[in-house]
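Asker: Enclosed is the structure file query.pdb (PDB, C-alpha atoms and all ligand atoms).
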ATOM      1  CA  MET A1279       9.933   4.896   8.150  1.00  0.00           C
ATOM      2  CA  ALA A1280       6.886   7.133   8.382  1.00  0.00           C
ATOM      3  CA  THR A1281       7.561   8.324  11.910  1.00  0.00           C
ATOM      4  CA  GLU A1282       7.987  11.807  13.224  1.00  0.00           C
ATOM      5  CA  LEU A1283      11.757  11.412  13.135  1.00  0.00           C
ATOM      6  CA  HIS A1284      12.113   9.720   9.786  1.00  0.00           C
ATOM      7  CA  HIS A1285       9.670   9.836   6.932  1.00  0.00           C
ATOM      8  CA  LEU A1286       9.883   9.487   3.227  1.00  0.00           C
ATOM      9  CA  SER A1287      10.771  13.056   2.434  1.00  0.00           C
ATOM     10  CA  ASP A1288      14.228  11.984   3.640  1.00  0.00           C
ATOM     11  CA  TYR A1289      14.768   9.129   1.188  1.00  0.00           C
ATOM     12  CA  ASP A1290      17.696   9.074  -1.193  1.00  0.00           C
ATOM     13  CA  ALA A1291      16.260   8.865  -4.735  1.00  0.00           C
ATOM     14  CA  GLN A1292      19.663   7.702  -6.064  1.00  0.00           C
ATOM     15  CA  SER A1293      19.406   4.489  -4.059  1.00  0.00           C
ATOM     16  CA  VAL A1294      16.186   3.450  -5.815  1.00  0.00           C
ATOM     17  CA  PRO A1295      16.575   1.180  -8.879  1.00  0.00           C
ATOM     18  CA  ASP A1296      15.377   2.365 -12.273  1.00  0.00           C
ATOM     19  CA  ALA A1297      11.740   1.303 -12.688  1.00  0.00           C
ATOM     20  CA  SER A1298      11.281   2.092 -16.380  1.00  0.00           C
ATOM     21  CA  ASN A1299      10.924  -1.585 -17.364  1.00  0.00           C
ATOM     22  CA  MET A1300       8.754  -2.536 -14.403  1.00  0.00           C
ATOM     23  CA  CYS A1301       5.028  -3.241 -14.197  1.00  0.00           C
ATOM     24  CA  PHE A1302       2.953  -2.930 -11.009  1.00  0.00           C
ATOM     25  CA  GLY A1303      -0.500  -3.833  -9.743  1.00  0.00           C
ATOM     26  CA  ILE A1304      -2.107  -1.679  -7.069  1.00  0.00           C
ATOM     27  CA  VAL A1305      -5.203  -2.722  -5.090  1.00  0.00           C
ATOM     28  CA  VAL A1306      -6.839   0.116  -3.196  1.00  0.00           C
ATOM     29  CA  ALA A1307      -9.687   0.001  -0.690  1.00  0.00           C
ATOM     30  CA  GLU A1308     -12.677   2.352  -0.980  1.00  0.00           C
ATOM     31  CA  TRP A1309     -13.219   2.811   2.775  1.00  0.00           C
ATOM     32  CA  ASN A1310     -11.877   6.169   4.046  1.00  0.00           C
ATOM     33  CA  PRO A1311     -11.452   7.440   0.458  1.00  0.00           C
ATOM     34  CA  GLU A1312      -9.925  10.756   1.495  1.00  0.00           C
ATOM     35  CA  ILE A1313      -6.998   8.733   2.828  1.00  0.00           C
ATOM     36  CA  THR A1314      -6.766   5.945   0.264  1.00  0.00           C
ATOM     37  CA  ASP A1315      -7.016   8.368  -2.689  1.00  0.00           C
ATOM     38  CA  ALA A1316      -4.043  10.276  -1.258  1.00  0.00           C
ATOM     39  CA  LEU A1317      -2.072   7.052  -0.720  1.00  0.00           C
ATOM     40  CA  LEU A1318      -2.793   6.025  -4.320  1.00  0.00           C
ATOM     41  CA  ASP A1319      -1.796   9.422  -5.655  1.00  0.00           C
ATOM     42  CA  GLY A1320       1.527   9.212  -3.791  1.00  0.00           C
ATOM     43  CA  ALA A1321       2.236   5.671  -4.966  1.00  0.00           C
ATOM     44  CA  VAL A1322       1.490   6.399  -8.632  1.00  0.00           C
ATOM     45  CA  LYS A1323       3.484   9.639  -8.688  1.00  0.00           C
ATOM     46  CA  THR A1324       6.481   7.961  -7.047  1.00  0.00           C
ATOM     47  CA  LEU A1325       6.452   4.977  -9.435  1.00  0.00           C
ATOM     48  CA  GLU A1326       6.302   7.385 -12.389  1.00  0.00           C
ATOM     49  CA  LYS A1327       9.055   9.536 -10.890  1.00  0.00           C
ATOM     50  CA  HIS A1328      11.307   6.476 -11.000  1.00  0.00           C
ATOM     51  CA  GLY A1329      10.450   5.716 -14.623  1.00  0.00           C
ATOM     52  CA  THR A1330       7.421   3.405 -14.576  1.00  0.00           C
ATOM     53  CA  LEU A1331       5.184   4.088 -17.569  1.00  0.00           C
ATOM     54  CA  PRO A1332       1.567   5.009 -16.688  1.00  0.00           C
ATOM     55  CA  GLU A1333       0.294   2.108 -18.809  1.00  0.00           C
ATOM     56  CA  ASN A1334       2.341  -0.272 -16.637  1.00  0.00           C
ATOM     57  CA  ILE A1335       0.523   0.723 -13.446  1.00  0.00           C
ATOM     58  CA  HIS A1336      -2.674  -1.340 -13.096  1.00  0.00           C
ATOM     59  CA  ILE A1337      -5.110  -0.139 -10.438  1.00  0.00           C
ATOM     60  CA  LYS A1338      -8.112  -2.048  -9.047  1.00  0.00           C
ATOM     61  CA  THR A1339     -10.422  -1.012  -6.232  1.00  0.00           C
ATOM     62  CA  VAL A1340     -12.031  -3.228  -3.598  1.00  0.00           C
ATOM     63  CA  PRO A1341     -14.803  -2.221  -1.160  1.00  0.00           C
ATOM     64  CA  GLY A1342     -12.822  -2.389   2.088  1.00  0.00           C
ATOM     65  CA  SER A1343      -9.450  -3.318   3.477  1.00  0.00           C
ATOM     66  CA  PHE A1344     -10.476  -6.893   4.209  1.00  0.00           C
ATOM     67  CA  GLU A1345     -10.961  -7.410   0.441  1.00  0.00           C
ATOM     68  CA  LEU A1346      -7.362  -6.324  -0.199  1.00  0.00           C
ATOM     69  CA  ILE A1347      -6.314  -9.911   0.483  1.00  0.00           C
ATOM     70  CA  TYR A1348      -8.442 -11.329  -2.333  1.00  0.00           C
ATOM     71  CA  GLY A1349      -7.543  -8.455  -4.657  1.00  0.00           C
ATOM     72  CA  ALA A1350      -3.831  -8.974  -4.082  1.00  0.00           C
ATOM     73  CA  GLN A1351      -4.153 -12.744  -4.403  1.00  0.00           C
ATOM     74  CA  GLN A1352      -5.792 -12.302  -7.822  1.00  0.00           C
ATOM     75  CA  MET A1353      -3.071  -9.896  -8.903  1.00  0.00           C
ATOM     76  CA  THR A1354      -0.260 -12.260  -7.885  1.00  0.00           C
ATOM     77  CA  LYS A1355      -1.576 -14.672 -10.530  1.00  0.00           C
ATOM     78  CA  ASN A1356      -0.544 -12.176 -13.214  1.00  0.00           C
ATOM     79  CA  ASP A1357       3.014 -13.045 -14.233  1.00  0.00           C
ATOM     80  CA  GLY A1358       3.368  -9.665 -15.904  1.00  0.00           C
ATOM     81  CA  PHE A1359       3.540  -7.805 -12.601  1.00  0.00           C
ATOM     82  CA  ASP A1360       6.892  -7.255 -10.874  1.00  0.00           C
ATOM     83  CA  ALA A1361       5.203  -6.377  -7.574  1.00  0.00           C
ATOM     84  CA  VAL A1362       1.757  -5.701  -6.138  1.00  0.00           C
ATOM     85  CA  ILE A1363       0.913  -2.914  -3.671  1.00  0.00           C
ATOM     86  CA  ILE A1364      -2.096  -2.915  -1.353  1.00  0.00           C
ATOM     87  CA  LEU A1365      -3.397   0.400  -0.005  1.00  0.00           C
ATOM     88  CA  GLY A1366      -6.001   0.780   2.724  1.00  0.00           C
ATOM     89  CA  SER A1367      -6.882   2.738   5.838  1.00  0.00           C
ATOM     90  CA  VAL A1368      -8.419   1.189   8.936  1.00  0.00           C
ATOM     91  CA  ILE A1369      -9.429   3.646  11.645  1.00  0.00           C
ATOM     92  CA  ARG A1370     -10.126   2.401  15.157  1.00  0.00           C
ATOM     93  CA  GLY A1371     -13.813   2.522  16.013  1.00  0.00           C
ATOM     94  CA  GLU A1372     -15.834   1.478  19.023  1.00  0.00           C
ATOM     95  CA  THR A1373     -16.036  -2.202  18.085  1.00  0.00           C
ATOM     96  CA  PRO A1374     -13.315  -4.879  17.911  1.00  0.00           C
ATOM     97  CA  HIS A1375     -13.617  -4.864  14.103  1.00  0.00           C
ATOM     98  CA  PHE A1376     -10.462  -2.753  13.896  1.00  0.00           C
ATOM     99  CA  ASP A1377      -8.363  -5.529  15.425  1.00  0.00           C
ATOM    100  CA  TYR A1378      -9.969  -8.282  13.394  1.00  0.00           C
ATOM    101  CA  ILE A1379      -9.582  -6.448  10.075  1.00  0.00           C
ATOM    102  CA  CYS A1380      -5.985  -5.389  10.790  1.00  0.00           C
ATOM    103  CA  GLU A1381      -4.981  -8.879  11.871  1.00  0.00           C
ATOM    104  CA  GLY A1382      -6.781 -10.490   8.933  1.00  0.00           C
ATOM    105  CA  VAL A1383      -5.172  -8.261   6.327  1.00  0.00           C
ATOM    106  CA  THR A1384      -1.742  -8.521   7.914  1.00  0.00           C
ATOM    107  CA  TYR A1385      -1.907 -12.303   8.064  1.00  0.00           C
ATOM    108  CA  GLY A1386      -3.404 -12.554   4.564  1.00  0.00           C
ATOM    109  CA  ILE A1387      -0.726 -10.408   2.958  1.00  0.00           C
ATOM    110  CA  ALA A1388       2.049 -12.149   4.901  1.00  0.00           C
ATOM    111  CA  HIS A1389       0.677 -15.467   3.655  1.00  0.00           C
ATOM    112  CA  LEU A1390       0.722 -14.252   0.046  1.00  0.00           C
ATOM    113  CA  ASN A1391       4.332 -13.127   0.418  1.00  0.00           C
ATOM    114  CA  ALA A1392       5.294 -16.525   1.805  1.00  0.00           C
ATOM    115  CA  THR A1393       3.497 -18.558  -0.856  1.00  0.00           C
ATOM    116  CA  GLN A1394       3.372 -16.557  -4.115  1.00  0.00           C
ATOM    117  CA  ASN A1395       6.128 -15.552  -6.512  1.00  0.00           C
ATOM    118  CA  ILE A1396       5.427 -11.813  -6.609  1.00  0.00           C
ATOM    119  CA  PRO A1397       6.161  -9.502  -3.668  1.00  0.00           C
ATOM    120  CA  VAL A1398       3.102  -7.855  -2.129  1.00  0.00           C
ATOM    121  CA  ILE A1399       3.808  -4.523  -0.439  1.00  0.00           C
ATOM    122  CA  TYR A1400       1.792  -3.747   2.682  1.00  0.00           C
ATOM    123  CA  GLY A1401       0.309  -0.249   2.554  1.00  0.00           C
ATOM    124  CA  LEU A1402      -2.328  -0.539   5.257  1.00  0.00           C
ATOM    125  CA  LEU A1403      -2.617   2.455   7.569  1.00  0.00           C
ATOM    126  CA  THR A1404      -3.910   1.354  10.982  1.00  0.00           C
ATOM    127  CA  THR A1405      -4.572   4.434  13.097  1.00  0.00           C
ATOM    128  CA  ASP A1406      -6.513   5.468  16.177  1.00  0.00           C
ATOM    129  CA  ASP A1407      -8.142   8.408  14.399  1.00  0.00           C
ATOM    130  CA  LEU A1408      -8.579  10.228  11.082  1.00  0.00           C
ATOM    131  CA  GLN A1409      -5.930  12.850  11.859  1.00  0.00           C
ATOM    132  CA  GLN A1410      -3.233  10.206  12.307  1.00  0.00           C
ATOM    133  CA  ALA A1411      -4.215   8.770   8.922  1.00  0.00           C
ATOM    134  CA  LYS A1412      -4.079  12.232   7.299  1.00  0.00           C
ATOM    135  CA  ASP A1413      -0.637  12.811   8.807  1.00  0.00           C
ATOM    136  CA  ARG A1414       0.623   9.679   7.013  1.00  0.00           C
ATOM    137  CA  SER A1415      -1.104  10.146   3.632  1.00  0.00           C
ATOM    138  CA  GLY A1416       0.455  13.390   2.465  1.00  0.00           C
ATOM    139  CA  GLY A1417       0.456  15.273   5.772  1.00  0.00           C
ATOM    140  CA  ARG A1418       3.169  16.181   8.221  1.00  0.00           C
ATOM    141  CA  LEU A1419       4.586  12.638   8.395  1.00  0.00           C
ATOM    142  CA  GLY A1420       4.900  12.105   4.650  1.00  0.00           C
ATOM    143  CA  ASN A1421       2.918   9.736   2.470  1.00  0.00           C
ATOM    144  CA  LYS A1422       2.951   5.990   3.068  1.00  0.00           C
ATOM    145  CA  GLY A1423       1.918   5.569  -0.582  1.00  0.00           C
ATOM    146  CA  ASP A1424       5.284   7.016  -1.678  1.00  0.00           C
ATOM    147  CA  GLU A1425       7.043   4.624   0.649  1.00  0.00           C
ATOM    148  CA  CYS A1426       5.142   1.625  -0.707  1.00  0.00           C
ATOM    149  CA  ALA A1427       6.119   2.581  -4.266  1.00  0.00           C
ATOM    150  CA  ILE A1428       9.810   2.676  -3.334  1.00  0.00           C
ATOM    151  CA  ASP A1429       9.483  -0.650  -1.522  1.00  0.00           C
ATOM    152  CA  ALA A1430       7.740  -2.173  -4.557  1.00  0.00           C
ATOM    153  CA  ILE A1431      10.546  -1.047  -6.877  1.00  0.00           C
ATOM    154  CA  LYS A1432      13.211  -2.396  -4.533  1.00  0.00           C
ATOM    155  CA  MET A1433      11.426  -5.735  -4.123  1.00  0.00           C
ATOM    156  CA  ALA A1434      10.815  -5.992  -7.875  1.00  0.00           C
ATOM    157  CA  LYS A1435      14.582  -5.685  -8.298  1.00  0.00           C
ATOM    158  CA  PHE A1436      15.304  -8.181  -5.487  1.00  0.00           C
TER     159      PHE A1436
HETATM  160  N1  LIG B1501     -12.687  -1.178   5.937  1.00  0.00           N
HETATM  161  C1  LIG B1501     -11.647  -0.329   5.868  1.00  0.00           C
HETATM  162  O1  LIG B1501     -10.932  -0.321   4.873  1.00  0.00           O
HETATM  163  N2  LIG B1501     -11.396   0.548   6.897  1.00  0.00           N
HETATM  164  C2  LIG B1501     -12.140   0.578   8.034  1.00  0.00           C
HETATM  165  O2  LIG B1501     -11.858   1.408   8.919  1.00  0.00           O
HETATM  166  C3  LIG B1501     -13.216  -0.335   8.147  1.00  0.00           C
HETATM  167  N3  LIG B1501     -13.979  -0.366   9.272  1.00  0.00           N
HETATM  168  C4  LIG B1501     -14.981  -1.262   9.361  1.00  0.00           C
HETATM  169  C5  LIG B1501     -15.747  -1.327  10.535  1.00  0.00           C
HETATM  170  C6  LIG B1501     -16.786  -2.237  10.640  1.00  0.00           C
HETATM  171  C7  LIG B1501     -17.592  -2.268  11.918  1.00  0.00           C
HETATM  172  C8  LIG B1501     -17.070  -3.110   9.546  1.00  0.00           C
HETATM  173  C9  LIG B1501     -18.194  -4.122   9.618  1.00  0.00           C
HETATM  174  C10 LIG B1501     -16.321  -3.060   8.391  1.00  0.00           C
HETATM  175  C11 LIG B1501     -15.283  -2.134   8.280  1.00  0.00           C
HETATM  176  N4  LIG B1501     -14.518  -2.075   7.105  1.00  0.00           N
HETATM  177  C12 LIG B1501     -13.470  -1.210   7.047  1.00  0.00           C
HETATM  178  C13 LIG B1501     -14.880  -2.866   5.904  1.00  0.00           C
HETATM  179  C14 LIG B1501     -14.156  -4.215   5.813  1.00  0.00           C
HETATM  180  O3  LIG B1501     -12.801  -4.033   5.462  1.00  0.00           O
HETATM  181  C15 LIG B1501     -14.811  -5.087   4.732  1.00  0.00           C
HETATM  182  O4  LIG B1501     -14.903  -4.360   3.533  1.00  0.00           O
HETATM  183  C16 LIG B1501     -16.214  -5.546   5.122  1.00  0.00           C
HETATM  184  O5  LIG B1501     -16.216  -6.125   6.395  1.00  0.00           O
HETATM  185  C17 LIG B1501     -16.763  -6.572   4.080  1.00  0.00           C
HETATM  186  O6  LIG B1501     -15.939  -7.730   4.039  1.00  0.00           O
END
In structure tokens, how does this file's structure come out?
Answerer:
Amino acid sequence: MATELHHLSDYDAQSVPDASNMCFGIVVAEWNPEITDALLDGAVKTLEKHGTLPENIHIKTVPGSFELIYGAQQMTKNDGFDAVIILGSVIRGETPHFDYICEGVTYGIAHLNATQNIPVIYGLLTTDDLQQAKDRSGGRLGNKGDECAIDAIKMAKF
């Protein structure tokens, strides 16, 4: 959804279920904090906009995006959560680490969704440079954190 033609500013708030009785876990990576702080801000504000109480939003940090898998796996053990959101930003560097981390996180989160009872929403920005990440974390292409919050509410209702 967060493309030049269609990003979250366009979403229809009426189509989102009421989230006032929902409880969420959010795991956020500390790498590229300018980006991940903005993603987290968007996610929290959007959950609260749809009724989630601040005390029902549980946030944990992990050092880097690779650790999002373990963080999310721990959170899926908590029956009190209706959904878990992971937030991270991987920016392509000069080594193949970008591909390994992106593939690892994608596979790890897919695996959790296929094996655990709580939906895990994938909020990993994978961009060629910092500007592309800024564009998608509150910049000209919206905020992927907002989008993850909406997805979490919809999947909690599923
Ligand atoms: N973590 C991120 O969240 N974003 C990155 O862009 C990122 N780049 C990395 C590049 C290299 C070369 C390495 C070694 C790690 C990087 N990490 C990054 C950290 C990674 O997700 C993880 O925290 C560490 O590898 C420890 O398991």
Asker: Counting only C-alpha atoms and all ligand atoms, give me one row per residue of chain A with an atom at most 8 Å from an atom of ligand LIG 1501 (chain B), showing the shortest contact pair and its distance in Å to one decimal, sorted by chain then residue number, as a Markdown table.
Answerer:
| residue | atom | partner | partner_atom | distance |
| --- | --- | --- | --- | --- |
| A:Ala1307 | CA | B:LIG1501 | O1 | 5.7 |
| A:Glu1308 | CA | B:LIG1501 | O1 | 6.7 |
| A:Trp1309 | CA | B:LIG1501 | O1 | 4.4 |
| A:Asn1310 | CA | B:LIG1501 | N2 | 6.3 |
| A:Val1340 | CA | B:LIG1501 | O4 | 7.8 |
| A:Pro1341 | CA | B:LIG1501 | O4 | 5.2 |
| A:Gly1342 | CA | B:LIG1501 | O4 | 3.2 |
| A:Ser1343 | CA | B:LIG1501 | O1 | 3.6 |
| A:Phe1344 | CA | B:LIG1501 | O3 | 3.9 |
| A:Glu1345 | CA | B:LIG1501 | O4 | 5.9 |
| A:Gly1366 | CA | B:LIG1501 | O1 | 5.5 |
| A:Ser1367 | CA | B:LIG1501 | N2 | 5.1 |
| A:Val1368 | CA | B:LIG1501 | O2 | 3.4 |
| A:Ile1369 | CA | B:LIG1501 | O2 | 4.3 |
| A:Arg1370 | CA | B:LIG1501 | O2 | 6.5 |
| A:Gly1371 | CA | B:LIG1501 | C5 | 7.0 |
| A:Thr1373 | CA | B:LIG1501 | C7 | 6.4 |
| A:Pro1374 | CA | B:LIG1501 | C7 | 7.8 |
| A:His1375 | CA | B:LIG1501 | C7 | 5.2 |
| A:Phe1376 | CA | B:LIG1501 | N3 | 6.3 |
| A:Ile1379 | CA | B:LIG1501 | O3 | 6.1 |
Asker: For the structure shown, which residues end up in the PyMOL selection byres (((chain A and resi 1330) around 8) and not hetatm)? Put them as a list in words, please?
Answerer: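 Output from the PyMOL selection byres (((chain A and resi 1330) around 8) and not hetatm), applied to this file: Ala1297, Ser1298, Asn1299, Met1300, Cys1301, Leu1325, Glu1326, Lys1327, His1328, Gly1329, Leu1331, Pro1332, Asn1334 and Ile1335 of chain A.
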Asker: Evaluating the PyMOL selection byres (((chain A and resi 1293) around 12) and not hetatm) on the displayed file yields which residues, as a list in words?
Answerer: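 Selection result, ordered by chain and number: Asp1288, Tyr1289, Asp1290, Ala1291, Gln1292, Val1294, Pro1295, Asp1296, Ala1297, His1328, Ile1428, Asp1429, Ile1431 and Lys1432 of chain A.
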Asker: Save the residues we just selected, C-alpha atoms, as a tab-separated table (two decimals), in the frame of the given file?
Answerer:
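Written file, out_28.tsv:
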chain	number	residue	atom	x	y	z
A	1288	ASP	CA	14.23	11.98	3.64
A	1289	TYR	CA	14.77	9.13	1.19
A	1290	ASP	CA	17.70	9.07	-1.19
A	1291	ALA	CA	16.26	8.86	-4.74
A	1292	GLN	CA	19.66	7.70	-6.06
A	1294	VAL	CA	16.19	3.45	-5.82
A	1295	PRO	CA	16.58	1.18	-8.88
A	1296	ASP	CA	15.38	2.37	-12.27
A	1297	ALA	CA	11.74	1.30	-12.69
A	1328	HIS	CA	11.31	6.48	-11.00
A	1428	ILE	CA	9.81	2.68	-3.33
A	1429	ASP	CA	9.48	-0.65	-1.52
A	1431	ILE	CA	10.55	-1.05	-6.88
A	1432	LYS	CA	13.21	-2.40	-4.53
Asker: Report the distance between CA of Thr1314 in chain A and CA of Asn1395 in chain A in Å, rounded to one decimal place.
Answerer: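 Spanning CA of Thr1314 in chain A to CA of Asn1395 in chain A is a straight-line distance of 26.0 Å.
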Asker: Rank A:Lys1338, A:Asp1319, A:Asp1406, A:Arg1418 by their smallest atom-to-atom distance to Val1362 in chain A, using all atoms listed in the file, and report the top residue only.
Answerer: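 The answer is A:Lys1338, which sits nearest to Val1362 in chain A.
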Asker: What is the distance, in Å and to one decimal place, between CA of Leu1346 in chain A and CA of Asn1391 in chain A?
Answerer: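 For CA of Leu1346 in chain A relative to CA of Asn1391 in chain A, the distance reads 13.5 Å.
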Asker: Grab the CA of Phe1436 in chain A to CA of Asp1315 in chain A distance for me, in Å with one decimal place.
Answerer: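 Between CA of Phe1436 in chain A and CA of Asp1315 in chain A the gap works out to 27.9 Å.
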Asker: Given the file shown, enumerate the residues that the PyMOL selection byres (((chain A and resi 1363) around 8) and not hetatm) captures and present them as a ChimeraX atom specification.
Answerer: /A:1302-1305,1350,1361-1362,1364-1365,1398-1401,1426-1427,1430
Asker: Give me the residues within 8 Å of Leu1317 in chain A as a list in words, counting all atoms listed in the file and dropping any in the same chain fewer than 6 places off.
Answerer: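 Contacts, with the query itself left out: Leu1365, Ser1415, Gly1416, Asn1421, Lys1422, Gly1423 and Asp1424 of chain A.
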Asker: Let me see the file: selected residues, C-alpha atoms, as an mmCIF file, in the coordinates of the input.
Answerer:
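So the final result, stored in again02.cif, reads:
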data_model
loop_
_atom_site.group_PDB
_atom_site.id
_atom_site.type_symbol
_atom_site.label_atom_id
_atom_site.label_comp_id
_atom_site.auth_asym_id
_atom_site.auth_seq_id
_atom_site.Cartn_x
_atom_site.Cartn_y
_atom_site.Cartn_z
ATOM 1 C CA LEU A 1365 -3.397 0.400 -0.005
ATOM 2 C CA SER A 1415 -1.104 10.146 3.632
ATOM 3 C CA GLY A 1416 0.455 13.390 2.465
ATOM 4 C CA ASN A 1421 2.918 9.736 2.470
ATOM 5 C CA LYS A 1422 2.951 5.990 3.068
ATOM 6 C CA GLY A 1423 1.918 5.569 -0.582
ATOM 7 C CA ASP A 1424 5.284 7.016 -1.678
#
